[in-house]
Amino acid sequence: LSSTLSPVEEQIIRERHGERPLTSRRTDKKLRFDWDAEEDTTNGDDPLYKTVPTRAERRAAFPSLDERHWSEKRLEEMTERDWRIFREDFAITVSGIGGVREHPIRFWGETAQTGLPSRLLRLLEDAGFEDPTPIQRQVVPLAMAGRDLIGLAETGSGKTIAFLLPILARIMALPDGERHRRATDGPLALVMAPTRELAQQIDRECRRFAAPLGISAISLVGGQSVAEQSFGMRNGADIVIGTPGRLRDFLEQHLLVFNRCSTVVIDEADRMIDM
C-alpha cells in the first residue's frame, strides 16, 4: 500500500479487500492463445528461409525487374520511380498547379536534361562546379522551361547560380539583332536584391560567366552617384542587378525602361516583403 495513506485508511482497505493487491479487474484477465508448433511458418527446415536469392538470381527469376540505382542508368532508362528516389536522395520537394513535369538534373554533362549550351557548361567546369546542388538540380530545368517558380533553400546552397544559368542561356539563344536593341529598350533580365552587398555579390558572380559570353551586366545600388551609374548604362545592359531604392530612382528619372525584360528574379524575397 502507498505510504501516503494514513493508518486508519490502510486498515479500512485491508478489511474491505483483504491482503490481495489492489489491481484492476481488467488487468487480471490474461489473453491466452491456442498454439500449435506445427503451424510455425518460420520453421528452420523450410528451404525458403535457408538461402536468400542473390541479385543475379532475382534478375534471372524476374527478367523485368530492374534493381539498378538511378546513378547506374542512362537518362532515357530513368523511370518515375527512379526520379522519385532521386528527389528523396537530394531532399528535393516540388509542387505546382497541374504537377511538375520537368525532371531534375542528374549531371551537368547531360545537356538534353539541362538545356544549357555547351559553352556555358564549359565555363561551369572551368569554375570548379563539378555537381549541381539540390536547388540547382530542380530550378534550372524549371526556369529553362519558362515556368514561374519560388525556390526555397539555405544560404550558401547555390541559389545565385541556379537563377543565373537560365538567364544566361536564354540570352545566348537570342538572335544578335534582338540583343543589340538593349540600349533603347532596356535589359533582358532584372535581378532585385534587398541590400547593396547582396546585389554586388550577385553582380560579381554574374560577370564571371557573362563576360566570356559577351553578355553585359550592371549593378544599380546605393552608395554611388546616379550620374556615374547612368553613364555606365549609356550602351544598355543585358542584365540589371539592383536594389529597390536605386531602381526606383532610375525609373523616376526615366533612365531605365523594361520594354523587353522577360525575366525577373527577386532574391531573398522574404526580406524584400518586409522592407
# chains A, B, ... in the order shown; residues from 1 in each chain; ligands from 1

call {"tool": "residues_around", "arguments": {"residues": "region 193-200 of chain A", "least_positions_apart": "6", "cutoff": "10 Å", "atoms": "only C-alpha atoms", "output": "MDAnalysis selection string"}}
result
chainID A and resid 206 218:223 240:246 265:275

call {"tool": "residues_around", "arguments": {"residues": "region 85-96 of chain A", "least_positions_apart": "2", "cutoff": "9 Å", "atoms": "only C-alpha atoms", "output": "PyMOL selection string"}}
result
chain A and resi 70-71+80-83+98-100+104+106+133-135+137-138+149

call {"tool": "select_by_dssp", "arguments": {"residues": "region 114-251 of chain A", "states": "strand (DSSP E or B)", "output": "PyMOL selection string"}}
result
chain A and resi 189-192+217-220+239-242

call {"tool": "write_last_selection", "arguments": {"atoms": "N, CA, C and O atoms", "output": "short mmCIF file (atom, residue, chain, number, x, y, z; two decimals), in the first residue's frame"}}
result
data_model
loop_
_atom_site.label_atom_id
_atom_site.label_comp_id
_atom_site.auth_asym_id
_atom_site.auth_seq_id
_atom_site.Cartn_x
_atom_site.Cartn_y
_atom_site.Cartn_z
N ALA A 189 16.87 40.97 -68.52
CA ALA A 189 16.60 40.34 -67.23
C ALA A 189 16.88 41.32 -66.11
O ALA A 189 17.79 42.14 -66.19
N LEU A 190 16.09 41.22 -65.05
CA LEU A 190 16.25 42.06 -63.87
C LEU A 190 16.37 41.17 -62.64
O LEU A 190 15.57 40.25 -62.45
N VAL A 191 17.40 41.45 -61.84
CA VAL A 191 17.59 40.73 -60.57
C VAL A 191 17.53 41.77 -59.45
O VAL A 191 18.32 42.72 -59.44
N MET A 192 16.61 41.58 -58.53
CA MET A 192 16.47 42.51 -57.41
C MET A 192 16.95 41.84 -56.12
O MET A 192 16.66 40.66 -55.88
N ALA A 217 26.41 43.02 -67.90
CA ALA A 217 25.62 43.12 -66.67
C ALA A 217 26.08 44.36 -65.92
O ALA A 217 27.25 44.75 -65.99
N ILE A 218 25.16 44.99 -65.20
CA ILE A 218 25.49 46.18 -64.42
C ILE A 218 24.68 46.16 -63.13
O ILE A 218 23.55 45.65 -63.10
N SER A 219 25.28 46.68 -62.06
CA SER A 219 24.58 46.76 -60.78
C SER A 219 24.20 48.20 -60.50
O SER A 219 25.02 49.11 -60.67
N LEU A 220 22.99 48.41 -60.07
CA LEU A 220 22.48 49.74 -59.71
C LEU A 220 22.13 49.70 -58.22
O LEU A 220 21.08 49.17 -57.83
N ILE A 239 21.68 42.45 -68.49
CA ILE A 239 21.19 42.08 -67.16
C ILE A 239 21.41 43.24 -66.21
O ILE A 239 22.51 43.79 -66.15
N VAL A 240 20.37 43.64 -65.50
CA VAL A 240 20.47 44.69 -64.49
C VAL A 240 20.23 44.05 -63.13
O VAL A 240 19.25 43.33 -62.93
N ILE A 241 21.16 44.33 -62.21
CA ILE A 241 21.06 43.82 -60.84
C ILE A 241 21.02 45.03 -59.92
O ILE A 241 21.91 45.89 -59.98
N GLY A 242 20.00 45.15 -59.09
CA GLY A 242 19.89 46.36 -58.29
C GLY A 242 19.04 46.20 -57.06
O GLY A 242 18.38 45.17 -56.84
#

call {"tool": "closest_residue", "arguments": {"among": "A:Asp185, A:Arg101, A:Asp176, A:Gln253", "to": "Arg147 (chain A)", "atoms": "only C-alpha atoms"}}
result
A:Arg101

call {"tool": "atom_distance", "arguments": {"atom1": "CA of Ile202 (chain A)", "atom2": "CA of Ala237 (chain A)"}}
result
15.2 Å

call {"tool": "atom_distance", "arguments": {"atom1": "CA of Val140 (chain A)", "atom2": "CA of Leu213 (chain A)"}}
result
18.6 Å

call {"tool": "residues_around", "arguments": {"residues": "Leu188 (chain A)", "least_positions_apart": "5", "cutoff": "12 Å", "atoms": "only C-alpha atoms", "output": "PyMOL selection string"}}
result
chain A and resi 167-172+174+178-183+215-217+236-241+257-265

call {"tool": "residues_around", "arguments": {"residues": "Phe107 (chain A)", "least_positions_apart": "5", "cutoff": "10 Å", "atoms": "only C-alpha atoms", "output": "MDAnalysis selection string"}}
result
chainID A and resid 71 75 113:114 130:132 137

call {"tool": "closest_residue", "arguments": {"among": "A:Thr111, A:Gln136, A:Ser225, A:Asn235", "to": "Ser157 (chain A)", "atoms": "only C-alpha atoms"}}
result
A:Gln136

call {"tool": "select_by_dssp", "arguments": {"residues": "region 162-237 of chain A", "states": "helix (DSSP H, G or I)", "output": "VMD selection string"}}
result
chain A and resid 162 to 172 176 to 179 182 to 185 196 to 213 226 to 232

call {"tool": "closest_residue", "arguments": {"among": "A:Leu164, A:Val139, A:Met78, A:Val226", "to": "Leu152 (chain A)", "atoms": "only C-alpha atoms"}}
result
A:Val139

call {"tool": "decode", "arguments": {"residues": "region 209-252 of chain A", "atoms": "N, CA and C atoms", "output": "CSV table (one decimal), in the first residue's frame"}}
result
chain,number,residue,atom,x,y,z
A,209,PHE,N,30.6,34.7,-65.4
A,209,PHE,CA,30.1,33.8,-66.5
A,209,PHE,C,29.6,34.7,-67.7
A,210,ALA,N,29.1,35.9,-67.5
A,210,ALA,CA,28.6,36.7,-68.6
A,210,ALA,C,29.7,37.3,-69.5
A,211,ALA,N,30.8,37.8,-68.9
A,211,ALA,CA,31.8,38.4,-69.6
A,211,ALA,C,32.4,37.5,-70.7
A,212,PRO,N,32.8,36.3,-70.5
A,212,PRO,CA,33.3,35.4,-71.5
A,212,PRO,C,32.3,35.1,-72.7
A,213,LEU,N,31.0,35.3,-72.3
A,213,LEU,CA,30.0,35.0,-73.3
A,213,LEU,C,29.6,36.3,-74.1
A,214,GLY,N,30.2,37.4,-73.8
A,214,GLY,CA,29.8,38.7,-74.4
A,214,GLY,C,28.5,39.3,-73.9
A,215,ILE,N,28.1,38.9,-72.7
A,215,ILE,CA,26.8,39.3,-72.2
A,215,ILE,C,27.2,40.4,-71.1
A,216,SER,N,26.5,41.6,-71.2
A,216,SER,CA,26.8,42.6,-70.3
A,216,SER,C,25.9,42.7,-69.1
A,217,ALA,N,26.4,43.0,-67.9
A,217,ALA,CA,25.6,43.1,-66.7
A,217,ALA,C,26.1,44.4,-65.9
A,218,ILE,N,25.2,45.0,-65.2
A,218,ILE,CA,25.5,46.2,-64.4
A,218,ILE,C,24.7,46.2,-63.1
A,219,SER,N,25.3,46.7,-62.1
A,219,SER,CA,24.6,46.8,-60.8
A,219,SER,C,24.2,48.2,-60.5
A,220,LEU,N,23.0,48.4,-60.1
A,220,LEU,CA,22.5,49.7,-59.7
A,220,LEU,C,22.1,49.7,-58.2
A,221,VAL,N,23.0,50.2,-57.4
A,221,VAL,CA,22.8,50.2,-55.9
A,221,VAL,C,23.2,51.6,-55.4
A,222,GLY,N,22.8,51.7,-54.1
A,222,GLY,CA,23.1,53.0,-53.4
A,222,GLY,C,24.5,53.1,-53.1
A,223,GLY,N,25.0,54.2,-52.6
A,223,GLY,CA,26.4,54.4,-52.3
A,223,GLY,C,27.2,55.0,-53.4
A,224,GLN,N,26.6,55.0,-54.6
A,224,GLN,CA,27.3,55.6,-55.8
A,224,GLN,C,26.3,56.6,-56.4
A,225,SER,N,26.9,57.6,-57.1
A,225,SER,CA,26.0,58.6,-57.7
A,225,SER,C,25.2,58.1,-58.8
A,226,VAL,N,24.0,58.6,-59.0
A,226,VAL,CA,23.2,58.2,-60.1
A,226,VAL,C,23.8,58.6,-61.4
A,227,ALA,N,24.5,59.7,-61.5
A,227,ALA,CA,25.2,60.1,-62.7
A,227,ALA,C,26.2,59.1,-63.2
A,228,GLU,N,27.0,58.6,-62.3
A,228,GLU,CA,28.0,57.6,-62.6
A,228,GLU,C,27.4,56.4,-63.1
A,229,GLN,N,26.4,55.9,-62.5
A,229,GLN,CA,25.7,54.7,-62.9
A,229,GLN,C,25.0,54.8,-64.2
A,230,SER,N,24.4,56.0,-64.4
A,230,SER,CA,23.7,56.2,-65.7
A,230,SER,C,24.6,56.3,-66.8
A,231,PHE,N,25.9,56.8,-66.6
A,231,PHE,CA,26.9,56.8,-67.6
A,231,PHE,C,27.3,55.4,-68.0
A,232,GLY,N,27.3,54.5,-67.0
A,232,GLY,CA,27.6,53.1,-67.3
A,232,GLY,C,26.5,52.4,-68.1
A,233,MET,N,25.3,53.0,-68.0
A,233,MET,CA,24.1,52.4,-68.7
A,233,MET,C,24.0,53.0,-70.1
A,234,ARG,N,24.9,53.8,-70.6
A,234,ARG,CA,24.7,54.6,-71.8
A,234,ARG,C,24.6,53.6,-73.0
A,235,ASN,N,25.3,52.4,-72.9
A,235,ASN,CA,25.2,51.5,-74.0
A,235,ASN,C,24.2,50.3,-73.7
A,236,GLY,N,23.5,50.5,-72.6
A,236,GLY,CA,22.5,49.5,-72.2
A,236,GLY,C,23.2,48.3,-71.5
A,237,ALA,N,22.4,47.4,-71.1
A,237,ALA,CA,22.9,46.2,-70.4
A,237,ALA,C,21.9,45.0,-70.6
A,238,ASP,N,22.4,43.8,-70.7
A,238,ASP,CA,21.6,42.7,-70.9
A,238,ASP,C,20.9,42.3,-69.6
A,239,ILE,N,21.7,42.4,-68.5
A,239,ILE,CA,21.2,42.1,-67.2
A,239,ILE,C,21.4,43.2,-66.2
A,240,VAL,N,20.4,43.6,-65.5
A,240,VAL,CA,20.5,44.7,-64.5
A,240,VAL,C,20.2,44.1,-63.1
A,241,ILE,N,21.2,44.3,-62.2
A,241,ILE,CA,21.1,43.8,-60.8
A,241,ILE,C,21.0,45.0,-59.9
A,242,GLY,N,20.0,45.2,-59.1
A,242,GLY,CA,19.9,46.4,-58.3
A,242,GLY,C,19.0,46.2,-57.1
A,243,THR,N,19.1,47.2,-56.2
A,243,THR,CA,18.2,47.3,-55.0
A,243,THR,C,17.0,48.1,-55.4
A,244,PRO,N,15.9,47.9,-54.6
A,244,PRO,CA,14.6,48.6,-55.0
A,244,PRO,C,14.7,50.1,-55.0
A,245,GLY,N,15.4,50.7,-54.0
A,245,GLY,CA,15.5,52.1,-53.9
A,245,GLY,C,16.2,52.7,-55.1
A,246,ARG,N,17.4,52.2,-55.5
A,246,ARG,CA,18.1,52.8,-56.6
A,246,ARG,C,17.4,52.5,-58.0
A,247,LEU,N,16.7,51.3,-58.1
A,247,LEU,CA,15.9,51.1,-59.3
A,247,LEU,C,14.8,52.1,-59.4
A,248,ARG,N,14.2,52.4,-58.3
A,248,ARG,CA,13.1,53.4,-58.3
A,248,ARG,C,13.6,54.8,-58.8
A,249,ASP,N,14.8,55.1,-58.3
A,249,ASP,CA,15.4,56.4,-58.7
A,249,ASP,C,15.6,56.4,-60.2
A,250,PHE,N,16.1,55.4,-60.8
A,250,PHE,CA,16.3,55.3,-62.3
A,250,PHE,C,15.0,55.4,-63.0
A,251,LEU,N,14.0,54.7,-62.5
A,251,LEU,CA,12.7,54.7,-63.2
A,251,LEU,C,12.1,56.1,-63.2
A,252,GLU,N,12.2,56.7,-62.0
A,252,GLU,CA,11.5,58.1,-61.9
A,252,GLU,C,12.2,59.1,-62.7
